[in-house]
Amino acid sequence: MNSNHASGGNAVEDDVAAVPVAPIRIFDTTLRDGEQSPGCSLRPRQKLTLAHALAELGVDVIEAGFAASSAADAEGIRTIAREVREASICSLARCHTGDIEAAVRALEPAANPRLHVFISTSPLHREHKLGLDKAQVLARAVEGVTLARRHIADVEFSAEDALRTEPEFLVQIFDAAIAAGASTINVPDTVGYTTPAEIRALFEYLRRHVRGADGVVFSSHCHDDLGLAVANSLAAIEGGARQVECTINGIGERAGNCALEELVMALKVRRAWFNVDTRIDTTRLVPTSRLLARSTGMAVQRNKAIVGANAFAHEAGIHQHGMLKHRGTYEIMHPESVGWMRSHMVLGRHSGRHAINDRLTELGFGFDEVATERVFAAFKALAEKKREVFDADLEAIALGIEPGLSRGWQLVRWTVHTGTAQGSMPTASVELCAPDGSAVCEAAVGDGPVHALCHALSRATGLALELDSYQVQSVTTGEDAQGQATLSAHFNGEELNGSGTSTDILEATAMAWLDMANRCLRASQNAPRINATEPLPEATAPVAA
Ligand code: KIV
Ligand code: ZN
């Protein structure tokens with residue numbers, strides 16, 4: 001590390017490293033560790049769109065899923081492997097023949113496939129999850145890496161719960177994994193337990209003691225249970241990690257994973273300190289974050305670093321005064337450098353197919369002609385209502401278009417009556433098109449207009465969703481701005497998120513509610529999935545070579 005401080009307190013672009021910088025690989029696991037967490041599930045089409053957006057962002061590796069967890073995951077990885085050529089495409093697999101073979105099949109069309117095999121190494125996991133002793137775990141790891149290498153040249157090995165594993169055992173297992181052919185060694189803090197000083201020391205220790213350390217890339221994979229995932233990943237880099245595993249918006253198991261946008265901007269803003277660099281096009285951070293938030297229905301908190309709505313807002317008068325004199329007084333990076341306020345030709349009523357098509361491509365959507373035509377028709381309808389159509393508007397339309405998918409429940413018409421007149425109760429009526437194409441009409445009263453509307457939707461669909469939270473925020477500016485409603489609810493013990501966007505916030509609310517209903521519908525049609533951190537059912541079965 002370097003003792004330089006950022007030059008003169010200016011913004012990001014001024015912080016230039018004094019010595020040549022080392023490359024850091026960005027391994028994105030939004031579509032695997034992120035997607036497997038509650039409320040973040042994605043449809044295959046959305047996964048592909050996001051994979052294109054991640055490649056455009058410049059990530060080095062896309063972990064596209066866990067092939068053995070479900071047929072849908074395997075198919076999703078295969079599609080991404082076939083269509084996304086700019087990044088290496090990876091599947092996770094346990095050190096188990098069936099998993100590895102499923103991953104190999106799914107990765108078959110990839111230009112640069114990576115197989116990521118893992119096994120738990122900590123005493124707690126060895127005893128309670130796997131029922132294996134150290135020697136058995138070690139043998140499993142070697143068998144897994146050896147089998148993976150038989151099919152794919154680029155193999156990553158992870159020691160799950162590494163930060164609670166005896167360091168000497170980590171050295172032993174990493175020695176063996178490298179000898180068996182792994183070229184990336186991942187050291188996950190699976191439960192978000194470590195601290196910056198501890199993880200830095202562990203990476204230094206491993207690089208000193210593991211045989212063949214100089215010929216492999218060490219990788220960090222930090223979870224955010226103590227809110228330290230980004231700080232720990234940066235400390236791992238200081239200790240010698242040259243790959244960081246992270247997710248957009250920090251989504252992931254429990255409190256999430258290391259947030260890609262925060263890590264990347266810390267490395268960029270403090271480049272002279274870290275002396276490392278990534279290939280990320282930082283101007284794509286906000287669009288990619290927004291695409292993910294819309295696709296999952298999981299909104300980004302307003303004060304989230306880099307991509308939250310308040311990240312560059314200056315409210316206090318004293319701050320505004322300073323900003324007017326010199327932006328550097330209260331701003332350490334330019335909003336434009338992370339993709340806020342990109343100047344664009346505004347789309348409107350007179351925009352043609354060509355302009356829409358170009359903008360869709362730029363936003364990361366890869367649509368065929370039929371889908372583009374559907375987006376164009378919806379765009380024209382919106383442009384009749386709104387003077388200017390922004391990127392966020394177009395994204396909202398495009399994310400509603402799912403070629404080849406049954407459209408689920410759709411909102412046809414709605415009315416809400418509300419007010420303070422004595423004796424009147426908020427009343428809502430809805431007309432829906434059911435998944436089988438039939439029309440369903442229902443009405444209900446409620447404590448307020450939103451309650452009445454959700455009640456009517458619940459009656460019409462027959463789904464008793466238990467609402468947990470409700471938020472509305474504007475996604476564009478001006479009098480005709482679109483509002484985004486975000487809902488979260490429980491159904492049969494499962495957490496659901498949904499979002500909807502419209503120029504009318506009650507309509508956006510109804511769309512968000514139906515988004516959740518459609519997620520329930522799809523979940524009931526899909527096969528159950530295995531979670532990557534669940535114990536192996538056949539944990540003690542030998543791995544056949
Ligand atoms: O958190 C973890 O340990 C993981 C591994 C499967 C890499 O996600
Ligand atoms: Zn993880």
# chains A, B, ... in the order shown; residues from 1 in each chain; ligands from 1
>>> select_by_dssp(residues="stretch 356-526 of chain A", states="alpha helix (DSSP H)", output="PyMOL selection string")
chain A and resi 356-362+369-385+391-400+449-461+505-525
>>> residues_around(residues="A:Phe203", least_positions_apart="3", cutoff="7 Å", atoms="only C-alpha atoms", output="compact mmCIF listing (two decimals) with N, CA and C atoms, in the first residue's frame")
# COMPACT_ATOMS: atom_id res chain seq x y z
N ILE A 199 -8.71 -9.97 8.56
CA ILE A 199 -8.71 -10.58 7.22
C ILE A 199 -7.44 -10.19 6.46
N ARG A 200 -6.98 -8.99 6.68
CA ARG A 200 -5.73 -8.59 6.03
C ARG A 200 -4.59 -9.51 6.49
N LEU A 206 -1.62 -16.45 4.44
CA LEU A 206 -1.83 -17.47 3.41
C LEU A 206 -0.82 -17.29 2.27
N ARG A 207 -0.60 -16.07 1.89
CA ARG A 207 0.34 -15.84 0.78
C ARG A 207 1.76 -16.22 1.16
N ALA A 236 -8.68 -7.10 2.54
CA ALA A 236 -8.17 -8.32 1.90
C ALA A 236 -7.26 -7.93 0.72
N GLY A 239 -4.06 -7.08 1.92
CA GLY A 239 -3.32 -8.30 2.30
C GLY A 239 -2.90 -9.13 1.10
N GLY A 240 -3.28 -8.72 -0.10
CA GLY A 240 -2.80 -9.43 -1.30
C GLY A 240 -3.87 -10.07 -2.15
N ALA A 241 -5.16 -9.93 -1.80
CA ALA A 241 -6.22 -10.49 -2.67
C ALA A 241 -6.18 -9.75 -4.00
>>> residues_near_ligand(ligand="ligand 2", cutoff="9 Å", atoms="only C-alpha atoms and all ligand atoms", output="VMD selection string")
chain A and resid 29 32 to 34 160 188 to 191 221 to 223 245 to 246 252 to 253 256 to 257 532 to 533
>>> closest_residue(among="A:Val104, A:Val21, A:Cys454, A:Val187", to="ligand 1", atoms="only C-alpha atoms and all ligand atoms")
A:Val187
>>> select_by_dssp(residues="stretch 403-489 of chain A", states="strand (DSSP E)", output="PyMOL selection string")
chain A and resi 410-417+427-433+439-445+466-474+483-489
>>> write_last_selection(atoms="N, CA and C atoms", output="mmCIF file, in the first residue's frame")
data_model
loop_
_atom_site.group_PDB
_atom_site.id
_atom_site.type_symbol
_atom_site.label_atom_id
_atom_site.label_comp_id
_atom_site.auth_asym_id
_atom_site.auth_seq_id
_atom_site.Cartn_x
_atom_site.Cartn_y
_atom_site.Cartn_z
ATOM 1 N N GLN A 410 -52.808 -9.394 -15.010
ATOM 2 C CA GLN A 410 -52.580 -8.056 -15.559
ATOM 3 C C GLN A 410 -53.702 -7.111 -15.155
ATOM 4 N N LEU A 411 -53.292 -5.874 -14.908
ATOM 5 C CA LEU A 411 -54.271 -4.849 -14.537
ATOM 6 C C LEU A 411 -54.928 -4.299 -15.794
ATOM 7 N N VAL A 412 -56.261 -4.346 -15.822
ATOM 8 C CA VAL A 412 -56.965 -3.801 -16.994
ATOM 9 C C VAL A 412 -57.517 -2.414 -16.647
ATOM 10 N N ARG A 413 -58.228 -2.301 -15.537
ATOM 11 C CA ARG A 413 -58.857 -1.038 -15.134
ATOM 12 C C ARG A 413 -58.916 -0.976 -13.614
ATOM 13 N N TRP A 414 -58.964 0.198 -13.060
ATOM 14 C CA TRP A 414 -59.122 0.328 -11.612
ATOM 15 C C TRP A 414 -59.753 1.683 -11.297
ATOM 16 N N THR A 415 -60.451 1.753 -10.178
ATOM 17 C CA THR A 415 -60.907 3.054 -9.677
ATOM 18 C C THR A 415 -60.763 3.040 -8.154
ATOM 19 N N VAL A 416 -60.490 4.223 -7.623
ATOM 20 C CA VAL A 416 -60.423 4.358 -6.166
ATOM 21 C C VAL A 416 -61.210 5.608 -5.793
ATOM 22 N N HIS A 417 -62.110 5.485 -4.819
ATOM 23 C CA HIS A 417 -62.822 6.661 -4.298
ATOM 24 C C HIS A 417 -62.365 6.870 -2.875
ATOM 25 N N THR A 427 -62.905 3.249 -1.144
ATOM 26 C CA THR A 427 -63.396 2.076 -1.876
ATOM 27 C C THR A 427 -62.579 1.914 -3.153
ATOM 28 N N ALA A 428 -62.255 0.669 -3.495
ATOM 29 C CA ALA A 428 -61.510 0.426 -4.745
ATOM 30 C C ALA A 428 -62.183 -0.677 -5.523
ATOM 31 N N SER A 429 -62.144 -0.560 -6.847
ATOM 32 C CA SER A 429 -62.583 -1.684 -7.681
ATOM 33 C C SER A 429 -61.514 -1.927 -8.732
ATOM 34 N N VAL A 430 -61.332 -3.200 -9.068
ATOM 35 C CA VAL A 430 -60.305 -3.543 -10.065
ATOM 36 C C VAL A 430 -60.872 -4.515 -11.091
ATOM 37 N N GLU A 431 -60.357 -4.389 -12.312
ATOM 38 C CA GLU A 431 -60.636 -5.418 -13.322
ATOM 39 C C GLU A 431 -59.281 -5.972 -13.757
ATOM 40 N N LEU A 432 -59.142 -7.284 -13.647
ATOM 41 C CA LEU A 432 -57.877 -7.929 -14.002
ATOM 42 C C LEU A 432 -58.075 -8.909 -15.142
ATOM 43 N N CYS A 433 -56.982 -9.152 -15.859
ATOM 44 C CA CYS A 433 -56.975 -10.263 -16.810
ATOM 45 C C CYS A 433 -56.214 -11.387 -16.098
ATOM 46 N N ALA A 439 -61.580 -12.533 -17.517
ATOM 47 C CA ALA A 439 -61.654 -11.240 -16.825
ATOM 48 C C ALA A 439 -62.158 -11.465 -15.399
ATOM 49 N N VAL A 440 -61.562 -10.777 -14.434
ATOM 50 C CA VAL A 440 -61.983 -10.902 -13.038
ATOM 51 C C VAL A 440 -62.197 -9.485 -12.489
ATOM 52 N N CYS A 441 -63.384 -9.247 -11.891
ATOM 53 C CA CYS A 441 -63.660 -7.922 -11.312
ATOM 54 C C CYS A 441 -63.930 -8.082 -9.824
ATOM 55 N N GLU A 442 -63.425 -7.177 -9.012
ATOM 56 C CA GLU A 442 -63.683 -7.218 -7.574
ATOM 57 C C GLU A 442 -63.673 -5.798 -7.024
ATOM 58 N N ALA A 443 -64.305 -5.622 -5.865
ATOM 59 C CA ALA A 443 -64.283 -4.323 -5.193
ATOM 60 C C ALA A 443 -64.092 -4.562 -3.704
ATOM 61 N N ALA A 444 -63.561 -3.565 -3.002
ATOM 62 C CA ALA A 444 -63.358 -3.706 -1.555
ATOM 63 C C ALA A 444 -63.232 -2.333 -0.918
ATOM 64 N N VAL A 445 -63.459 -2.290 0.380
ATOM 65 C CA VAL A 445 -63.221 -1.050 1.121
ATOM 66 C C VAL A 445 -61.961 -1.236 1.964
ATOM 67 N N GLU A 466 -49.480 -10.935 3.015
ATOM 68 C CA GLU A 466 -49.383 -10.119 4.244
ATOM 69 C C GLU A 466 -48.357 -9.019 4.014
ATOM 70 N N LEU A 467 -48.846 -7.783 3.853
ATOM 71 C CA LEU A 467 -47.954 -6.672 3.509
ATOM 72 C C LEU A 467 -47.031 -6.311 4.669
ATOM 73 N N ASP A 468 -45.740 -6.148 4.355
ATOM 74 C CA ASP A 468 -44.765 -5.751 5.373
ATOM 75 C C ASP A 468 -44.365 -4.287 5.217
ATOM 76 N N SER A 469 -44.175 -3.851 3.973
ATOM 77 C CA SER A 469 -43.761 -2.458 3.794
ATOM 78 C C SER A 469 -44.255 -1.929 2.457
ATOM 79 N N TYR A 470 -44.345 -0.603 2.405
ATOM 80 C CA TYR A 470 -44.861 0.077 1.217
ATOM 81 C C TYR A 470 -44.099 1.388 1.054
ATOM 82 N N GLN A 471 -43.518 1.590 -0.104
ATOM 83 C CA GLN A 471 -42.787 2.844 -0.345
ATOM 84 C C GLN A 471 -43.147 3.394 -1.707
ATOM 85 N N VAL A 472 -43.173 4.705 -1.824
ATOM 86 C CA VAL A 472 -43.363 5.328 -3.141
ATOM 87 C C VAL A 472 -42.260 6.351 -3.320
ATOM 88 N N GLN A 473 -41.644 6.370 -4.479
ATOM 89 C CA GLN A 473 -40.668 7.417 -4.755
ATOM 90 C C GLN A 473 -40.720 7.785 -6.224
ATOM 91 N N SER A 474 -40.320 9.021 -6.535
ATOM 92 C CA SER A 474 -40.368 9.399 -7.951
ATOM 93 C C SER A 474 -39.092 8.908 -8.622
ATOM 94 N N GLY A 483 -43.941 7.626 -10.782
ATOM 95 C CA GLY A 483 -43.715 7.208 -9.404
ATOM 96 C C GLY A 483 -43.465 5.707 -9.390
ATOM 97 N N GLN A 484 -42.557 5.287 -8.519
ATOM 98 C CA GLN A 484 -42.324 3.852 -8.374
ATOM 99 C C GLN A 484 -42.832 3.417 -7.005
ATOM 100 N N ALA A 485 -43.704 2.437 -7.000
ATOM 101 C CA ALA A 485 -44.183 1.873 -5.736
ATOM 102 C C ALA A 485 -43.437 0.574 -5.497
ATOM 103 N N THR A 486 -42.995 0.376 -4.271
ATOM 104 C CA THR A 486 -42.286 -0.856 -3.912
ATOM 105 C C THR A 486 -42.992 -1.471 -2.714
ATOM 106 N N LEU A 487 -43.369 -2.714 -2.845
ATOM 107 C CA LEU A 487 -44.071 -3.402 -1.763
ATOM 108 C C LEU A 487 -43.272 -4.617 -1.343
ATOM 109 N N SER A 488 -43.355 -4.963 -0.071
ATOM 110 C CA SER A 488 -42.847 -6.282 0.310
ATOM 111 C C SER A 488 -43.910 -6.954 1.173
ATOM 112 N N ALA A 489 -43.964 -8.266 1.078
ATOM 113 C CA ALA A 489 -45.030 -9.014 1.748
ATOM 114 C C ALA A 489 -44.556 -10.425 2.046
#
>>> closest_residue(among="A:Ile173, A:Ala110, A:Met516, A:Ala159", to="ligand 1", atoms="only C-alpha atoms and all ligand atoms")
A:Ala159
>>> closest_residue(among="A:Ala177, A:Leu382, A:Val171, A:Ala81", to="A:Ala139", atoms="only C-alpha atoms")
A:Ala177
>>> residues_around(residues="A:Lys47", least_positions_apart="4", cutoff="10 Å", atoms="only C-alpha atoms", output="ChimeraX atom specification")
/A:30-31,35,41-43,51-53,64-65,73,76-77,79-80,292,295
>>> write_last_selection(atoms="N, CA, C and O atoms", output="PDB file, in the first residue's frame")
ATOM      1  N   THR A  30     -23.900 -11.476  -8.276  1.00  0.00           N
ATOM      2  CA  THR A  30     -25.286 -10.999  -8.144  1.00  0.00           C
ATOM      3  C   THR A  30     -26.289 -12.078  -8.565  1.00  0.00           C
ATOM      4  O   THR A  30     -27.322 -12.271  -7.926  1.00  0.00           O
ATOM      5  N   LEU A  31     -25.952 -12.794  -9.641  1.00  0.00           N
ATOM      6  CA  LEU A  31     -26.908 -13.760 -10.201  1.00  0.00           C
ATOM      7  C   LEU A  31     -26.845 -15.116  -9.495  1.00  0.00           C
ATOM      8  O   LEU A  31     -27.617 -16.010  -9.812  1.00  0.00           O
ATOM      9  N   GLU A  35     -28.927 -13.646  -6.049  1.00  0.00           N
ATOM     10  CA  GLU A  35     -30.247 -14.110  -6.498  1.00  0.00           C
ATOM     11  C   GLU A  35     -30.821 -15.176  -5.584  1.00  0.00           C
ATOM     12  O   GLU A  35     -32.043 -15.334  -5.496  1.00  0.00           O
ATOM     13  N   SER A  41     -35.388 -13.124  -6.252  1.00  0.00           N
ATOM     14  CA  SER A  41     -35.371 -14.068  -7.368  1.00  0.00           C
ATOM     15  C   SER A  41     -35.662 -13.360  -8.693  1.00  0.00           C
ATOM     16  O   SER A  41     -36.392 -12.369  -8.740  1.00  0.00           O
ATOM     17  N   LEU A  42     -35.052 -13.884  -9.730  1.00  0.00           N
ATOM     18  CA  LEU A  42     -35.139 -13.269 -11.058  1.00  0.00           C
ATOM     19  C   LEU A  42     -35.641 -14.292 -12.061  1.00  0.00           C
ATOM     20  O   LEU A  42     -35.329 -15.476 -11.940  1.00  0.00           O
ATOM     21  N   ARG A  43     -36.351 -13.803 -13.064  1.00  0.00           N
ATOM     22  CA  ARG A  43     -36.779 -14.695 -14.145  1.00  0.00           C
ATOM     23  C   ARG A  43     -35.609 -14.898 -15.106  1.00  0.00           C
ATOM     24  O   ARG A  43     -34.710 -14.050 -15.166  1.00  0.00           O
ATOM     25  N   ALA A  51     -27.074 -10.048 -17.032  1.00  0.00           N
ATOM     26  CA  ALA A  51     -25.741 -10.550 -17.406  1.00  0.00           C
ATOM     27  C   ALA A  51     -25.143  -9.662 -18.506  1.00  0.00           C
ATOM     28  O   ALA A  51     -23.955  -9.326 -18.464  1.00  0.00           O
ATOM     29  N   HIS A  52     -25.977  -9.252 -19.472  1.00  0.00           N
ATOM     30  CA  HIS A  52     -25.478  -8.329 -20.504  1.00  0.00           C
ATOM     31  C   HIS A  52     -25.023  -7.022 -19.855  1.00  0.00           C
ATOM     32  O   HIS A  52     -23.980  -6.467 -20.205  1.00  0.00           O
ATOM     33  N   ALA A  53     -25.824  -6.533 -18.902  1.00  0.00           N
ATOM     34  CA  ALA A  53     -25.489  -5.263 -18.249  1.00  0.00           C
ATOM     35  C   ALA A  53     -24.187  -5.396 -17.451  1.00  0.00           C
ATOM     36  O   ALA A  53     -23.365  -4.475 -17.419  1.00  0.00           O
ATOM     37  N   ALA A  64     -23.054 -17.061 -12.807  1.00  0.00           N
ATOM     38  CA  ALA A  64     -24.418 -16.981 -13.355  1.00  0.00           C
ATOM     39  C   ALA A  64     -25.407 -17.851 -12.597  1.00  0.00           C
ATOM     40  O   ALA A  64     -26.609 -17.759 -12.838  1.00  0.00           O
ATOM     41  N   GLY A  65     -24.952 -18.695 -11.700  1.00  0.00           N
ATOM     42  CA  GLY A  65     -25.874 -19.531 -10.942  1.00  0.00           C
ATOM     43  C   GLY A  65     -25.183 -20.748 -10.378  1.00  0.00           C
ATOM     44  O   GLY A  65     -23.943 -20.850 -10.378  1.00  0.00           O
ATOM     45  N   ASP A  73     -32.035 -23.012 -13.094  1.00  0.00           N
ATOM     46  CA  ASP A  73     -30.730 -22.367 -12.905  1.00  0.00           C
ATOM     47  C   ASP A  73     -29.744 -22.847 -13.968  1.00  0.00           C
ATOM     48  O   ASP A  73     -29.008 -22.054 -14.553  1.00  0.00           O
ATOM     49  N   GLY A  76     -30.561 -21.264 -17.188  1.00  0.00           N
ATOM     50  CA  GLY A  76     -30.195 -19.842 -17.137  1.00  0.00           C
ATOM     51  C   GLY A  76     -28.695 -19.664 -17.380  1.00  0.00           C
ATOM     52  O   GLY A  76     -28.273 -18.780 -18.131  1.00  0.00           O
ATOM     53  N   ILE A  77     -27.871 -20.513 -16.764  1.00  0.00           N
ATOM     54  CA  ILE A  77     -26.413 -20.410 -16.936  1.00  0.00           C
ATOM     55  C   ILE A  77     -26.065 -20.693 -18.395  1.00  0.00           C
ATOM     56  O   ILE A  77     -25.260 -19.997 -19.025  1.00  0.00           O
ATOM     57  N   THR A  79     -27.888 -20.331 -21.076  1.00  0.00           N
ATOM     58  CA  THR A  79     -28.274 -19.218 -21.963  1.00  0.00           C
ATOM     59  C   THR A  79     -27.268 -18.083 -21.846  1.00  0.00           C
ATOM     60  O   THR A  79     -26.825 -17.512 -22.851  1.00  0.00           O
ATOM     61  N   ILE A  80     -26.898 -17.755 -20.618  1.00  0.00           N
ATOM     62  CA  ILE A  80     -25.930 -16.659 -20.426  1.00  0.00           C
ATOM     63  C   ILE A  80     -24.582 -17.043 -21.050  1.00  0.00           C
ATOM     64  O   ILE A  80     -23.944 -16.241 -21.724  1.00  0.00           O
ATOM     65  N   LEU A 292     -31.120  -3.699 -11.616  1.00  0.00           N
ATOM     66  CA  LEU A 292     -31.286  -4.791 -10.649  1.00  0.00           C
ATOM     67  C   LEU A 292     -32.440  -4.505  -9.691  1.00  0.00           C
ATOM     68  O   LEU A 292     -33.266  -5.383  -9.418  1.00  0.00           O
ATOM     69  N   SER A 295     -35.630  -5.120 -11.403  1.00  0.00           N
ATOM     70  CA  SER A 295     -35.859  -6.522 -11.752  1.00  0.00           C
ATOM     71  C   SER A 295     -36.253  -7.349 -10.532  1.00  0.00           C
ATOM     72  O   SER A 295     -37.101  -8.226 -10.623  1.00  0.00           O
TER      73      SER A 295
END
>>> closest_residue(among="A:Gln482, A:Ser91, A:Thr418, A:Ser351", to="A:Ala396", atoms="only C-alpha atoms")
A:Gln482
>>> residues_around(residues="A:Phe367", least_positions_apart="6", cutoff="12 Å", atoms="only C-alpha atoms", output="list in words")
Arg45, Gln46, Leu48, Thr49, His52, Ile356, Asn357, Asp358, Arg359, Leu360, Thr361, Glu373, Arg374, Val375, Phe376, Ala398, Leu399, Ile401, Glu402, Pro403 and Gly404 of chain A
>>> write_last_selection(atoms="N, CA, C and O atoms", output="mmCIF file, in the first residue's frame")
data_model
loop_
_atom_site.group_PDB
_atom_site.id
_atom_site.type_symbol
_atom_site.label_atom_id
_atom_site.label_comp_id
_atom_site.auth_asym_id
_atom_site.auth_seq_id
_atom_site.Cartn_x
_atom_site.Cartn_y
_atom_site.Cartn_z
ATOM 1 N N ARG A 45 -35.237 -14.438 -18.217
ATOM 2 C CA ARG A 45 -35.033 -13.321 -19.142
ATOM 3 C C ARG A 45 -34.344 -12.148 -18.413
ATOM 4 O O ARG A 45 -33.476 -11.463 -18.947
ATOM 5 N N GLN A 46 -34.770 -11.907 -17.156
ATOM 6 C CA GLN A 46 -34.166 -10.819 -16.383
ATOM 7 C C GLN A 46 -32.700 -11.121 -16.090
ATOM 8 O O GLN A 46 -31.856 -10.235 -16.123
ATOM 9 N N LEU A 48 -30.677 -12.843 -17.934
ATOM 10 C CA LEU A 48 -29.891 -12.623 -19.152
ATOM 11 C C LEU A 48 -29.662 -11.130 -19.364
ATOM 12 O O LEU A 48 -28.545 -10.697 -19.688
ATOM 13 N N THR A 49 -30.713 -10.336 -19.177
ATOM 14 C CA THR A 49 -30.576 -8.883 -19.338
ATOM 15 C C THR A 49 -29.517 -8.349 -18.379
ATOM 16 O O THR A 49 -28.657 -7.547 -18.747
ATOM 17 N N HIS A 52 -25.977 -9.252 -19.472
ATOM 18 C CA HIS A 52 -25.478 -8.329 -20.504
ATOM 19 C C HIS A 52 -25.023 -7.022 -19.855
ATOM 20 O O HIS A 52 -23.980 -6.467 -20.205
ATOM 21 N N ILE A 356 -35.434 4.428 -30.102
ATOM 22 C CA ILE A 356 -35.817 3.570 -28.965
ATOM 23 C C ILE A 356 -34.927 2.338 -28.913
ATOM 24 O O ILE A 356 -34.423 1.941 -27.859
ATOM 25 N N ASN A 357 -34.705 1.778 -30.073
ATOM 26 C CA ASN A 357 -33.869 0.585 -30.163
ATOM 27 C C ASN A 357 -32.448 0.871 -29.660
ATOM 28 O O ASN A 357 -31.890 0.105 -28.866
ATOM 29 N N ASP A 358 -31.901 2.000 -30.100
ATOM 30 C CA ASP A 358 -30.541 2.370 -29.675
ATOM 31 C C ASP A 358 -30.479 2.543 -28.165
ATOM 32 O O ASP A 358 -29.559 2.076 -27.506
ATOM 33 N N ARG A 359 -31.496 3.224 -27.625
ATOM 34 C CA ARG A 359 -31.474 3.485 -26.184
ATOM 35 C C ARG A 359 -31.621 2.194 -25.388
ATOM 36 O O ARG A 359 -30.971 1.999 -24.364
ATOM 37 N N LEU A 360 -32.455 1.281 -25.904
ATOM 38 C CA LEU A 360 -32.627 -0.010 -25.218
ATOM 39 C C LEU A 360 -31.298 -0.752 -25.176
ATOM 40 O O LEU A 360 -30.914 -1.316 -24.145
ATOM 41 N N THR A 361 -30.583 -0.733 -26.289
ATOM 42 C CA THR A 361 -29.290 -1.429 -26.348
ATOM 43 C C THR A 361 -28.342 -0.795 -25.332
ATOM 44 O O THR A 361 -27.651 -1.485 -24.578
ATOM 45 N N GLU A 373 -40.863 -4.268 -30.690
ATOM 46 C CA GLU A 373 -42.121 -3.679 -31.183
ATOM 47 C C GLU A 373 -43.080 -3.456 -30.016
ATOM 48 O O GLU A 373 -43.755 -2.429 -29.926
ATOM 49 N N ARG A 374 -43.110 -4.411 -29.072
ATOM 50 C CA ARG A 374 -44.004 -4.262 -27.912
ATOM 51 C C ARG A 374 -43.545 -3.113 -27.016
ATOM 52 O O ARG A 374 -44.349 -2.335 -26.510
ATOM 53 N N VAL A 375 -42.235 -2.983 -26.844
ATOM 54 C CA VAL A 375 -41.715 -1.861 -26.048
ATOM 55 C C VAL A 375 -42.081 -0.559 -26.743
ATOM 56 O O VAL A 375 -42.517 0.415 -26.105
ATOM 57 N N PHE A 376 -41.925 -0.540 -28.066
ATOM 58 C CA PHE A 376 -42.181 0.680 -28.817
ATOM 59 C C PHE A 376 -43.648 1.107 -28.665
ATOM 60 O O PHE A 376 -43.946 2.296 -28.455
ATOM 61 N N ALA A 398 -39.492 -1.636 -20.446
ATOM 62 C CA ALA A 398 -38.764 -2.798 -20.971
ATOM 63 C C ALA A 398 -38.778 -3.964 -19.988
ATOM 64 O O ALA A 398 -38.859 -5.127 -20.387
ATOM 65 N N LEU A 399 -38.727 -3.652 -18.697
ATOM 66 C CA LEU A 399 -38.714 -4.739 -17.719
ATOM 67 C C LEU A 399 -40.064 -5.425 -17.613
ATOM 68 O O LEU A 399 -40.170 -6.537 -17.112
ATOM 69 N N ILE A 401 -41.719 -6.250 -20.216
ATOM 70 C CA ILE A 401 -41.867 -7.048 -21.441
ATOM 71 C C ILE A 401 -41.083 -8.334 -21.270
ATOM 72 O O ILE A 401 -39.872 -8.306 -21.105
ATOM 73 N N GLU A 402 -41.743 -9.416 -21.279
ATOM 74 C CA GLU A 402 -41.083 -10.705 -21.064
ATOM 75 C C GLU A 402 -41.392 -11.630 -22.227
ATOM 76 O O GLU A 402 -42.372 -12.371 -22.189
ATOM 77 N N PRO A 403 -40.612 -11.599 -23.287
ATOM 78 C CA PRO A 403 -40.933 -12.419 -24.432
ATOM 79 C C PRO A 403 -41.044 -13.887 -24.049
ATOM 80 O O PRO A 403 -40.255 -14.382 -23.253
ATOM 81 N N GLY A 404 -42.013 -14.536 -24.571
ATOM 82 C CA GLY A 404 -42.122 -15.984 -24.380
ATOM 83 C C GLY A 404 -42.661 -16.401 -23.035
ATOM 84 O O GLY A 404 -42.729 -17.570 -22.729
#
>>> residues_around(residues="A:Ala266", least_positions_apart="4", cutoff="12 Å", atoms="only C-alpha atoms", output="count of residues only")
28
>>> closest_residue(among="A:Thr372, A:Ser183, A:Ser122, A:Ser458", to="ligand 1", atoms="only C-alpha atoms and all ligand atoms")
A:Ser122
>>> closest_residue(among="A:Ile24, A:Val117, A:Leu124, A:Ala377", to="A:Gly144", atoms="only C-alpha atoms")
A:Val117
>>> atom_distance(atom1="atom CA of A:Gly500", atom2="atom CA of A:Leu54")
23.3 Å
>>> residues_around(residues="A:Ile62", least_positions_apart="4", cutoff="7 Å", atoms="only C-alpha atoms", output="ChimeraX atom specification")
/A:27-29,87-90
>>> atom_distance(atom1="atom CA of A:Ile185", atom2="atom CA of A:Val216")
7.0 Å
